[in-house]
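Raw contents of data-v4.cif, mmCIF, C-alpha atoms:
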```cif
data_upload
loop_
_atom_site.label_atom_id
_atom_site.label_comp_id
_atom_site.auth_asym_id
_atom_site.auth_seq_id
_atom_site.Cartn_x
_atom_site.Cartn_y
_atom_site.Cartn_z
CA GLU W 81 0.00 0.00 0.00
CA ALA W 82 1.11 3.51 -0.73
CA VAL W 83 1.42 5.59 2.37
CA ILE W 84 1.14 9.33 1.96
CA ARG W 85 3.11 11.33 4.48
CA ARG W 86 0.83 13.96 5.93
CA ALA W 87 3.47 16.67 5.81
CA PRO W 88 2.11 19.88 4.34
CA ALA W 89 2.44 20.15 0.59
CA THR W 90 4.52 23.00 -0.75
CA PRO W 91 2.67 25.88 -2.47
CA GLY W 92 4.26 24.83 -5.78
CA ALA W 93 3.05 21.26 -5.37
CA LEU W 94 -0.46 22.46 -4.58
CA LYS W 95 -0.43 24.59 -7.76
CA VAL W 96 0.53 21.48 -9.76
CA VAL W 97 -2.23 19.41 -8.14
CA ARG W 98 -4.80 22.21 -8.61
CA LEU W 99 -4.03 22.48 -12.33
CA ALA W 100 -4.08 18.70 -12.74
CA ARG W 101 -7.44 18.50 -10.98
CA SER W 102 -8.85 21.26 -13.23
CA LEU W 103 -8.13 19.03 -16.25
CA ILE W 104 -10.20 16.08 -14.99
CA GLY W 105 -12.58 15.06 -17.77
CA ILE W 106 -10.28 15.86 -20.72
CA PRO W 107 -10.29 12.84 -23.08
CA TYR W 108 -7.36 10.44 -23.44
CA LYS W 109 -5.52 10.76 -26.76
CA TRP W 110 -2.46 8.72 -27.61
CA GLY W 111 0.40 11.16 -28.19
CA GLY W 112 -1.71 14.03 -26.81
CA TYR W 113 -0.19 16.79 -24.70
CA SER W 114 -2.79 19.58 -24.77
CA PRO W 115 -6.23 20.09 -23.23
CA LYS W 116 -7.46 21.10 -26.71
CA THR W 117 -6.66 17.71 -28.24
CA GLY W 118 -6.50 15.39 -25.20
CA PHE W 119 -3.70 13.76 -23.24
CA ASP W 120 -1.86 10.49 -22.99
CA CYS W 121 -0.44 9.84 -19.52
CA SER W 122 2.99 11.36 -20.05
CA GLY W 123 1.62 14.22 -22.16
CA PHE W 124 -0.64 15.11 -19.25
CA ILE W 125 2.36 15.20 -16.88
CA TRP W 126 4.42 17.19 -19.37
CA TYR W 127 1.64 19.78 -19.81
CA VAL W 128 0.86 20.26 -16.10
CA TYR W 129 4.50 20.69 -15.12
CA HIS W 130 5.32 22.83 -18.18
CA GLN W 131 2.46 25.19 -17.24
CA ASN W 132 4.10 25.46 -13.80
CA GLY W 133 7.52 26.36 -15.24
CA ILE W 134 9.06 22.89 -14.81
CA ASN W 135 10.55 21.28 -17.90
CA LEU W 136 10.16 17.52 -17.91
CA PRO W 137 10.79 15.11 -20.75
CA ARG W 138 7.72 14.17 -22.80
CA ILE W 139 7.88 10.33 -22.50
CA SER W 140 7.05 8.43 -19.27
CA TRP W 141 10.28 6.38 -19.07
CA GLN W 142 12.26 9.59 -19.62
CA GLN W 143 10.20 11.30 -16.90
CA LEU W 144 11.04 8.41 -14.57
CA ALA W 145 14.75 8.88 -15.25
CA ALA W 146 14.53 12.67 -14.72
CA GLY W 147 13.61 12.45 -11.05
CA SER W 148 14.87 10.90 -7.87
CA PRO W 149 13.05 7.89 -6.42
CA VAL W 150 11.53 8.09 -2.95
CA GLN W 151 10.23 5.41 -0.62
CA ARG W 152 6.47 4.86 -0.60
CA ALA W 153 6.28 6.40 2.87
CA ASP W 154 7.88 9.59 1.50
CA ILE W 155 5.50 10.19 -1.43
CA ARG W 156 4.19 13.75 -1.28
CA PRO W 157 1.60 15.76 -3.23
CA GLY W 158 3.00 16.87 -6.57
CA ASP W 159 5.27 13.81 -6.87
CA LEU W 160 4.97 11.55 -9.88
CA VAL W 161 3.93 7.96 -9.37
CA PHE W 162 4.76 5.32 -11.97
CA HIS W 163 2.98 2.02 -12.58
CA GLN W 164 4.13 -0.90 -14.71
CA VAL W 165 0.85 -1.77 -16.42
CA LYS W 166 1.96 -4.52 -18.78
CA LYS W 167 3.89 -7.53 -17.58
CA ASP W 168 6.35 -7.34 -20.51
CA GLY W 169 7.75 -4.09 -19.13
CA LYS W 170 6.68 -2.02 -22.14
CA SER W 171 4.00 0.21 -20.66
CA LEU W 172 4.97 2.66 -17.94
CA HIS W 173 1.99 4.69 -16.68
CA VAL W 174 2.46 7.95 -14.77
CA GLY W 175 0.27 10.23 -12.66
CA ILE W 176 0.51 13.12 -10.19
CA VAL W 177 0.08 12.40 -6.48
CA THR W 178 -2.46 14.55 -4.62
CA GLU W 179 -2.94 15.49 -0.99
CA ARG W 180 -5.83 12.99 -0.77
CA GLY W 181 -3.98 9.69 -1.16
CA THR W 182 -4.93 9.68 -4.83
CA PHE W 183 -3.25 10.44 -8.13
CA ILE W 184 -4.49 12.26 -11.22
CA HIS W 185 -3.76 10.67 -14.58
CA SER W 186 -4.89 10.14 -18.15
CA PRO W 187 -5.53 6.39 -18.09
CA SER W 188 -6.19 4.89 -21.51
CA SER W 189 -8.09 5.05 -24.77
CA GLY W 190 -11.79 5.73 -24.32
CA LYS W 191 -11.29 7.21 -20.86
CA ARG W 192 -10.71 10.71 -19.52
CA VAL W 193 -8.31 12.37 -17.09
CA MET W 194 -9.36 11.12 -13.66
CA GLU W 195 -8.40 10.88 -10.03
CA SER W 196 -7.78 7.34 -8.72
CA GLY W 197 -6.87 5.91 -5.34
CA LEU W 198 -3.22 4.97 -4.86
CA ASN W 199 -4.40 2.01 -2.77
CA SER W 200 -7.02 0.69 -5.21
CA PRO W 201 -6.32 -3.00 -5.97
CA PHE W 202 -5.44 -2.47 -9.66
CA TRP W 203 -2.86 0.24 -8.97
CA VAL W 204 -1.37 -1.57 -5.98
CA GLU W 205 -0.88 -4.65 -8.18
CA HIS W 206 0.88 -2.57 -10.84
#
```
Have the structure of the file written as structure tokens, please.
Amino acid sequence: EAVIRRAPATPGALKVVRLARSLIGIPYKWGGYSPKTGFDCSGFIWYVYHQNGINLPRISWQQLAAGSPVQRADIRPGDLVFHQVKKDGKSLHVGIVTERGTFIHSPSSGKRVMESGLNSPFWVEH
């Protein structure tokens, strides 16, 4: 289970989470990185952080390599959380951790940007 430390989130992290939350409902689009056209998971991350003056790579595995890993107990709002969705190691999904023990992400084709529980069975498994 992911444990969210209840330390206060920084103002910058709260801005990131607020913007991410404002985009809930935007459709998924493979290769998408704009609210006008839709988002894939890493395009969503790229857009939210770019709008907050933080340059991240565009692709999820590059985003993973751009940061520093933390223990589950040290996950804080505004952090990125990565999930290995396919067993063959090819699909790395990414979302933004919130202050609610959830993360905001653009899940997959046919879905929309949403907020999901970090401790939901599917995400814990992956």
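One distance worth recording is that between atom CA of W:Ser189 and atom CA of W:Leu172, which is 14.9 Å.
Restricting the calculation to all atoms listed in the file, the smallest distance between W:Asp120 and any of W:Leu136, W:Val174, W:Val165, W:Ala153 is found for W:Val174.
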| So which residues are close to (-3.3, 5.6, -7.9), meaning at most 9 Å away in the file's coordinates with only C-alpha atoms counted, and can you show them as a VMD selection string? | chain W and resid 82 161 163 175 to 177 181 to 185 195 to 200 202 to 204
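You will find atom CA of W:Ala145 at 18.9 Å from atom CA of W:Gly133.
Using all atoms listed in the file for every distance, the candidate list W:Gln131, W:Thr117, W:Ser122, W:Ser188 yields W:Gln131 as the residue closest to W:Gly92.
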| Sel. within 10 Å of pt (10.5, 12.9, -14.3), counting only C-alpha atoms, output as a VMD selection string | chain W and resid 122 125 to 126 129 135 to 149 159 to 162 174
Run the PyMOL selection byres ((chain W and resi 186) around 7) on the file and write out the hits as a PDB file with C-alpha atoms, in the frame of the given file.
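Output file result_35.pdb is given in full below:
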```pdb
ATOM      1  CA  TYR W 108      -7.360  10.440 -23.440  1.00  0.00           C
ATOM      2  CA  PHE W 119      -3.700  13.760 -23.240  1.00  0.00           C
ATOM      3  CA  ASP W 120      -1.860  10.490 -22.990  1.00  0.00           C
ATOM      4  CA  CYS W 121      -0.440   9.840 -19.520  1.00  0.00           C
ATOM      5  CA  PHE W 124      -0.640  15.110 -19.250  1.00  0.00           C
ATOM      6  CA  HIS W 185      -3.760  10.670 -14.580  1.00  0.00           C
ATOM      7  CA  PRO W 187      -5.530   6.390 -18.090  1.00  0.00           C
ATOM      8  CA  SER W 188      -6.190   4.890 -21.510  1.00  0.00           C
ATOM      9  CA  ARG W 192     -10.710  10.710 -19.520  1.00  0.00           C
ATOM     10  CA  VAL W 193      -8.310  12.370 -17.090  1.00  0.00           C
ATOM     11  CA  MET W 194      -9.360  11.120 -13.660  1.00  0.00           C
TER      12      MET W 194
END
```
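Note that the spacing between atom CA of W:Arg156 and atom CA of W:Arg180 amounts to 10.1 Å.
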| request: Just the residues within 9 Å of W:Gly158, please, counting all atoms listed in the file, with nothing from its chain fewer than 3 positions along; format it as a PyMOL selection string. | output: chain W and resi 89-90+92-97+155+176-179
| remark: Residue with the minimum atom-to-atom distance to W:Val128, picked from W:Lys116, W:Arg98, W:Gln164, W:Pro157 with all atoms listed in the file counted, is W:Arg98
Incomplete stretch 93-127 of chain W filled out to N, CA and C atoms as a tab-separated table (two decimals), in the frame of the given file:
```
chain	number	residue	atom	x	y	z
W	93	ALA	N	3.68	22.57	-5.17
W	93	ALA	CA	3.05	21.26	-5.37
W	93	ALA	C	1.53	21.42	-5.42
W	94	LEU	N	0.99	22.26	-4.58
W	94	LEU	CA	-0.46	22.46	-4.58
W	94	LEU	C	-0.93	23.11	-5.88
W	95	LYS	N	-0.10	24.00	-6.45
W	95	LYS	CA	-0.43	24.59	-7.76
W	95	LYS	C	-0.48	23.50	-8.83
W	96	VAL	N	0.48	22.58	-8.80
W	96	VAL	CA	0.53	21.48	-9.76
W	96	VAL	C	-0.73	20.62	-9.62
W	97	VAL	N	-1.06	20.26	-8.39
W	97	VAL	CA	-2.23	19.41	-8.14
W	97	VAL	C	-3.50	20.14	-8.56
W	98	ARG	N	-3.61	21.42	-8.24
W	98	ARG	CA	-4.80	22.21	-8.61
W	98	ARG	C	-4.99	22.23	-10.13
W	99	LEU	N	-3.91	22.47	-10.87
W	99	LEU	CA	-4.03	22.48	-12.33
W	99	LEU	C	-4.41	21.09	-12.83
W	100	ALA	N	-3.75	20.07	-12.31
W	100	ALA	CA	-4.08	18.70	-12.74
W	100	ALA	C	-5.55	18.40	-12.50
W	101	ARG	N	-6.03	18.77	-11.33
W	101	ARG	CA	-7.44	18.50	-10.98
W	101	ARG	C	-8.38	19.28	-11.91
W	102	SER	N	-7.99	20.46	-12.34
W	102	SER	CA	-8.85	21.26	-13.23
W	102	SER	C	-8.99	20.62	-14.61
W	103	LEU	N	-8.11	19.68	-14.93
W	103	LEU	CA	-8.13	19.03	-16.25
W	103	LEU	C	-8.89	17.70	-16.23
W	104	ILE	N	-9.42	17.32	-15.07
W	104	ILE	CA	-10.20	16.08	-14.99
W	104	ILE	C	-11.35	16.17	-15.99
W	105	GLY	N	-11.52	15.11	-16.76
W	105	GLY	CA	-12.58	15.06	-17.77
W	105	GLY	C	-12.08	15.24	-19.19
W	106	ILE	N	-10.84	15.73	-19.36
W	106	ILE	CA	-10.28	15.86	-20.72
W	106	ILE	C	-10.05	14.45	-21.27
W	107	PRO	N	-10.43	14.20	-22.53
W	107	PRO	CA	-10.29	12.84	-23.08
W	107	PRO	C	-8.83	12.39	-23.24
W	108	TYR	N	-8.66	11.06	-23.15
W	108	TYR	CA	-7.36	10.44	-23.44
W	108	TYR	C	-7.13	10.53	-24.95
W	109	LYS	N	-5.92	10.83	-25.35
W	109	LYS	CA	-5.52	10.76	-26.76
W	109	LYS	C	-4.08	10.32	-26.81
W	110	TRP	N	-3.82	9.21	-27.47
W	110	TRP	CA	-2.46	8.72	-27.61
W	110	TRP	C	-1.62	9.79	-28.28
W	111	GLY	N	-0.49	10.13	-27.67
W	111	GLY	CA	0.40	11.16	-28.19
W	111	GLY	C	-0.03	12.57	-27.84
W	112	GLY	N	-1.16	12.71	-27.11
W	112	GLY	CA	-1.71	14.03	-26.81
W	112	GLY	C	-1.00	14.71	-25.65
W	113	TYR	N	-0.85	16.03	-25.76
W	113	TYR	CA	-0.19	16.79	-24.70
W	113	TYR	C	-0.81	18.17	-24.53
W	114	SER	N	-2.10	18.30	-24.86
W	114	SER	CA	-2.79	19.58	-24.77
W	114	SER	C	-4.25	19.35	-24.38
W	115	PRO	N	-4.81	20.25	-23.57
W	115	PRO	CA	-6.23	20.09	-23.23
W	115	PRO	C	-7.14	20.27	-24.45
W	116	LYS	N	-6.65	20.92	-25.50
W	116	LYS	CA	-7.46	21.10	-26.71
W	116	LYS	C	-7.63	19.79	-27.48
W	117	THR	N	-6.60	18.94	-27.45
W	117	THR	CA	-6.66	17.71	-28.24
W	117	THR	C	-6.80	16.46	-27.38
W	118	GLY	N	-6.49	16.55	-26.09
W	118	GLY	CA	-6.50	15.39	-25.20
W	118	GLY	C	-5.08	15.04	-24.78
W	119	PHE	N	-4.99	14.11	-23.82
W	119	PHE	CA	-3.70	13.76	-23.24
W	119	PHE	C	-3.49	12.26	-23.21
W	120	ASP	N	-2.25	11.82	-23.46
W	120	ASP	CA	-1.86	10.49	-22.99
W	120	ASP	C	-1.25	10.72	-21.61
W	121	CYS	N	-0.85	9.66	-20.92
W	121	CYS	CA	-0.44	9.84	-19.52
W	121	CYS	C	0.77	10.76	-19.39
W	122	SER	N	1.78	10.55	-20.19
W	122	SER	CA	2.99	11.36	-20.05
W	122	SER	C	2.80	12.76	-20.62
W	123	GLY	N	1.94	12.90	-21.62
W	123	GLY	CA	1.62	14.22	-22.16
W	123	GLY	C	0.89	15.07	-21.14
W	124	PHE	N	0.05	14.43	-20.33
W	124	PHE	CA	-0.64	15.11	-19.25
W	124	PHE	C	0.37	15.65	-18.23
W	125	ILE	N	1.32	14.80	-17.83
W	125	ILE	CA	2.36	15.20	-16.88
W	125	ILE	C	3.18	16.35	-17.46
W	126	TRP	N	3.61	16.17	-18.71
W	126	TRP	CA	4.42	17.19	-19.37
W	126	TRP	C	3.69	18.54	-19.35
W	127	TYR	N	2.41	18.54	-19.73
W	127	TYR	CA	1.64	19.78	-19.81
W	127	TYR	C	1.51	20.44	-18.44
```
